[in-house]
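> Next up is a structure, given as structure tokens.
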Amino acid sequence: MIHALKGVRHVTSGTMKQAVSELSVPVPWGEIRGKIWGPDHGRPVLCLHGWSDNCGSFNTLLPLLPTDFRYVAVDLPGHGFSSHLPPGIMYNFPSYVMDVRRVVDALKWNKFSIIGHSMGGNVAGVFSAVFPEMVDAVVMLDSSGFLPRDSKEIPIISRQGFDGMIEFEKQLKEKTTRVYTYEKAVERLLAGNDGLTEQSAKILLERGLVQVQGGFVFSRDFRLNLKNVVRNTMEQCLDMQSQIQAPVLVLVAEGGFEQRFLELEQKKFFSIILQAYRNRNHTVLSVPGDHHVHLNNPEVVAPLVSDFLQNKARLKDAHTPKL
């Protein structure tokens with residue numbers, strides 16, 4: 001059962017008004033929270049944020065997109081207002097794919113589009129490959145949908161993740177949660193994300209902070225900082241990518257993920273994945289901006305995303321038999 005929580009508020013963008021409501025989907029360890037934009041019977045679009053962000057990542061973009069769509073942006077587990085995983089459990093990509101499956105099952109969506117930023121784009125890529133019949137369009141915001149690693153590196157990365165988890169659990173009993181003033185929390189987030197504007201940082205902190213006695217603590221689960229132990233080779237990623245049936249739009253920020261976070265070998269892998277999209281007649285475009293361009297400067301990507309979603313909707317309508 002899905003609960004639309006109280007406190008529906010209205011946001012305004014230009015002349016357009018949209019009601020935005022809270023979402024809570026019960027899961028075995030708690031709840032997955034999120035926000036809903038658009039009419040009840042609008043075309044369904046699921047929005048997946050990046051690592052360590054939350055669904056506020058879409059606050060500035062969604063009001064600029066077509067109003068006849070139903071957008072559901074979720075806080076992935078361990079992020080925003082969603083429950084943290086139980087003690088002893090690690091975060092990884094396959095579990096996020098399962099979480100998406102839980103959410104769309106609760107929403108009773110059989111066919112929908114996905115907009116994913118960064119890590120959310122990678123989750124979208126894997127979900128669209130595993131459940132291709134459920135996805136009718138995919139938008140990847142500064143993400144390639146897959147993040148291959150050299151096969152020789154995978155055991156090393158996995159070991160780092162496992163060792164990190166053991167060390168994290170040892171230190172957990174001794175560590176105290178740091179409490180910040182709001183201003184210091186903003187500074188802390190900007191220090192770790194220098195591509196964010198101050199306004200964007202404050203948007204993310206609407207769901208990224210919890211007020212406690214003496215100030216604020218970050219709401220995210222710090223196990224998110226541990227290495228993701230589930231990795232795939234280039235061959236596995238290309239095989240997975242080939243299973244995607246939906247049209248894909250990839251928007252690569254010129255000063256974004258590839259330039260800021262990838263080493264030389266990983267950049268080669270990134271380019272191979274992008275070319276594979278082109279070879280399958282998907283769309284790959286470069287846009288000016290940084291990794292959070294969709295949040296900092298949504299007007300840059302909004303027309304491209306809007307045209308893509310509307311064109312795919314028209315194409316779907318043209319192939320739907322009239323009763």
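In the structure tokens, each chain is lettered A, B, ... as it comes, each chain's residues begin at 1, and ligands are numbered from 1 in order of appearance.
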Could I get the residues of segment 85-129 of chain A with an atom no further than 8 Å from an atom of segment 17-31 of chain A, each paired with its nearest atom pair and that distance in Å to one decimal, using only C-alpha atoms, sorted by chain and residue number, as JSON lines?


{"residue": "A:Leu85", "atom": "CA", "partner": "A:Trp29", "partner_atom": "CA", "distance": 6.6}
{"residue": "A:Pro86", "atom": "CA", "partner": "A:Trp29", "partner_atom": "CA", "distance": 6.6}
{"residue": "A:Arg102", "atom": "CA", "partner": "A:Val27", "partner_atom": "CA", "distance": 7.8}
{"residue": "A:Val103", "atom": "CA", "partner": "A:Val25", "partner_atom": "CA", "distance": 6.6}
{"residue": "A:Ala106", "atom": "CA", "partner": "A:Val25", "partner_atom": "CA", "distance": 6.9}

> For the residues selected in the previous step, produce a file with C-alpha atoms as a PDB file, in the first residue's frame.


ATOM      1  CA  LEU A  85      19.229  -0.564   5.513  1.00  0.00           C
ATOM      2  CA  PRO A  86      19.412  -2.811   8.591  1.00  0.00           C
ATOM      3  CA  ARG A 102       9.370  -2.600  -5.186  1.00  0.00           C
ATOM      4  CA  VAL A 103       8.369   1.012  -5.799  1.00  0.00           C
ATOM      5  CA  ALA A 106       3.499  -0.519  -5.208  1.00  0.00           C
TER       6      ALA A 106
END

> With 12 Å as the cut-off and only C-alpha atoms counted, what is the closest atom pair between each nearby residue of segment 189-235 of chain A and segment 52-57 of chain A? Distances in Å to one decimal, ordered by chain and number, as a tab-separated table.


residue	atom	partner	partner_atom	distance
A:Leu189	CA	A:Ser52	CA	10.3
A:Gly192	CA	A:Ser52	CA	10.7
A:Asn193	CA	A:Ser52	CA	10.4
A:Leu196	CA	A:Ser57	CA	10.8
A:Gln199	CA	A:Ser57	CA	11.5
A:Ser200	CA	A:Ser57	CA	8.0
A:Ala201	CA	A:Ser57	CA	9.4
A:Lys202	CA	A:Gly56	CA	9.7
A:Ile203	CA	A:Gly56	CA	6.1
A:Leu204	CA	A:Gly56	CA	5.3
A:Leu205	CA	A:Gly56	CA	8.3
A:Glu206	CA	A:Gly56	CA	7.5
A:Arg207	CA	A:Asn54	CA	6.9
A:Gly208	CA	A:Asn54	CA	7.2
A:Leu209	CA	A:Asn54	CA	10.9
A:Phe218	CA	A:Ser52	CA	10.5
A:Ser219	CA	A:Ser52	CA	9.9
A:Arg220	CA	A:Ser52	CA	6.9
A:Asp221	CA	A:Ser52	CA	8.7
A:Phe222	CA	A:Ser52	CA	9.1
A:Arg223	CA	A:Ser52	CA	10.4
A:Leu224	CA	A:Ser52	CA	7.1
A:Asn225	CA	A:Ser52	CA	8.4
A:Leu226	CA	A:Ser52	CA	11.6

> Give me a file of those residues, with N, CA and C atoms, as a short mmCIF file (atom, residue, chain, number, x, y, z; two decimals), in the first residue's frame.


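Wrote it out as again.cif, contents follow:
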data_model
loop_
_atom_site.label_atom_id
_atom_site.label_comp_id
_atom_site.auth_asym_id
_atom_site.auth_seq_id
_atom_site.Cartn_x
_atom_site.Cartn_y
_atom_site.Cartn_z
N LEU A 189 28.56 20.35 2.81
CA LEU A 189 28.09 19.76 1.57
C LEU A 189 28.79 20.38 0.37
N GLY A 192 32.39 19.09 -0.20
CA GLY A 192 32.49 17.78 -0.83
C GLY A 192 31.89 17.72 -2.22
N ASN A 193 31.22 18.81 -2.64
CA ASN A 193 30.56 18.86 -3.96
C ASN A 193 30.73 20.26 -4.54
N LEU A 196 28.27 22.03 -6.99
CA LEU A 196 26.95 22.50 -6.60
C LEU A 196 26.96 24.00 -6.35
N GLN A 199 22.56 27.50 -3.77
CA GLN A 199 21.11 27.27 -3.83
C GLN A 199 20.81 25.79 -3.99
N SER A 200 21.56 25.09 -4.86
CA SER A 200 21.34 23.66 -5.07
C SER A 200 21.66 22.88 -3.81
N ALA A 201 22.71 23.27 -3.12
CA ALA A 201 23.06 22.59 -1.87
C ALA A 201 21.92 22.71 -0.85
N LYS A 202 21.34 23.88 -0.76
CA LYS A 202 20.24 24.09 0.18
C LYS A 202 19.01 23.28 -0.21
N ILE A 203 18.79 23.10 -1.51
CA ILE A 203 17.68 22.25 -1.97
C ILE A 203 17.89 20.81 -1.52
N LEU A 204 19.10 20.30 -1.72
CA LEU A 204 19.40 18.92 -1.30
C LEU A 204 19.31 18.76 0.21
N LEU A 205 19.65 19.80 0.94
CA LEU A 205 19.62 19.70 2.40
C LEU A 205 18.20 19.74 2.97
N GLU A 206 17.21 20.09 2.14
CA GLU A 206 15.82 20.03 2.62
C GLU A 206 15.47 18.61 3.05
N ARG A 207 16.06 17.62 2.37
CA ARG A 207 15.85 16.22 2.72
C ARG A 207 17.14 15.57 3.22
N GLY A 208 18.21 16.34 3.20
CA GLY A 208 19.51 15.80 3.58
C GLY A 208 19.90 16.05 5.02
N LEU A 209 19.05 16.76 5.76
CA LEU A 209 19.33 17.05 7.17
C LEU A 209 18.16 16.64 8.04
N PHE A 218 23.29 14.95 9.23
CA PHE A 218 22.99 14.51 7.88
C PHE A 218 22.13 13.26 7.93
N SER A 219 21.13 13.21 7.05
CA SER A 219 20.17 12.09 7.07
C SER A 219 20.70 10.85 6.36
N ARG A 220 21.67 10.99 5.49
CA ARG A 220 22.14 9.84 4.71
C ARG A 220 22.89 8.84 5.59
N ASP A 221 22.90 7.62 5.14
CA ASP A 221 23.60 6.54 5.82
C ASP A 221 25.08 6.59 5.41
N PHE A 222 25.96 6.66 6.38
CA PHE A 222 27.38 6.82 6.05
C PHE A 222 28.00 5.54 5.52
N ARG A 223 27.26 4.44 5.52
CA ARG A 223 27.73 3.24 4.81
C ARG A 223 27.76 3.47 3.30
N LEU A 224 27.09 4.52 2.84
CA LEU A 224 27.14 4.86 1.41
C LEU A 224 28.55 5.23 0.98
N ASN A 225 29.40 5.63 1.92
CA ASN A 225 30.77 6.01 1.59
C ASN A 225 31.66 4.81 1.33
N LEU A 226 31.19 3.60 1.66
CA LEU A 226 31.99 2.40 1.44
C LEU A 226 31.99 2.02 -0.04
#

> Out of segment 17-229 of chain A, which residues get alpha helix (DSSP H) from DSSP, as a VMD selection string?

chain A and resid 93 to 107 119 to 130 154 to 172 182 to 192 198 to 208

> Pick from A:Asn228, A:Ser82, A:Gln245, A:Asn122: nearest to Val135 of chain A, with only C-alpha atoms counted?

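Looking only at the distances to Val135 of chain A, the closest residue turns out to be A:Gln245.
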
> Measuring between only C-alpha atoms, which one of A:Phe127, A:Tyr96, A:Phe81, A:Tyr182 shows the shortest distance to Trp51 of chain A?

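Closest to Trp51 of chain A, using only C-alpha atoms: A:Tyr96.
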
> Hey, which of A:Leu262, A:Ile36, A:Ile273, A:Ala191 ends up closest to Phe58 of chain A? Count only C-alpha atoms.

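Under the stated criterion, the closest residue is A:Ile36.
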
> From the list A:Pro63, A:Pro77, A:Gly125, A:Gly145, which residue is nearest Arg33 of chain A when using only C-alpha atoms?

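The answer is A:Pro77, which sits nearest to Arg33 of chain A.
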
> Run DSSP on the backbone of this structure and report the residues of segment 95-259 of chain A it assigns to strand (DSSP E or B), as a count of residues only.

30

> Between A:Asn232, A:Gln241, A:Gln259, A:Ser286, single out the one closest to Val130 of chain A, counting only C-alpha atoms.

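Counting only C-alpha atoms, the residue closest to Val130 of chain A is A:Gln241.
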
> What separation in Å, quoted to one decimal, exists between atom CA of Thr177 of chain A and atom CA of Gly164 of chain A?

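Pair atom CA of Thr177 of chain A / atom CA of Gly164 of chain A returns 18.4 Å.
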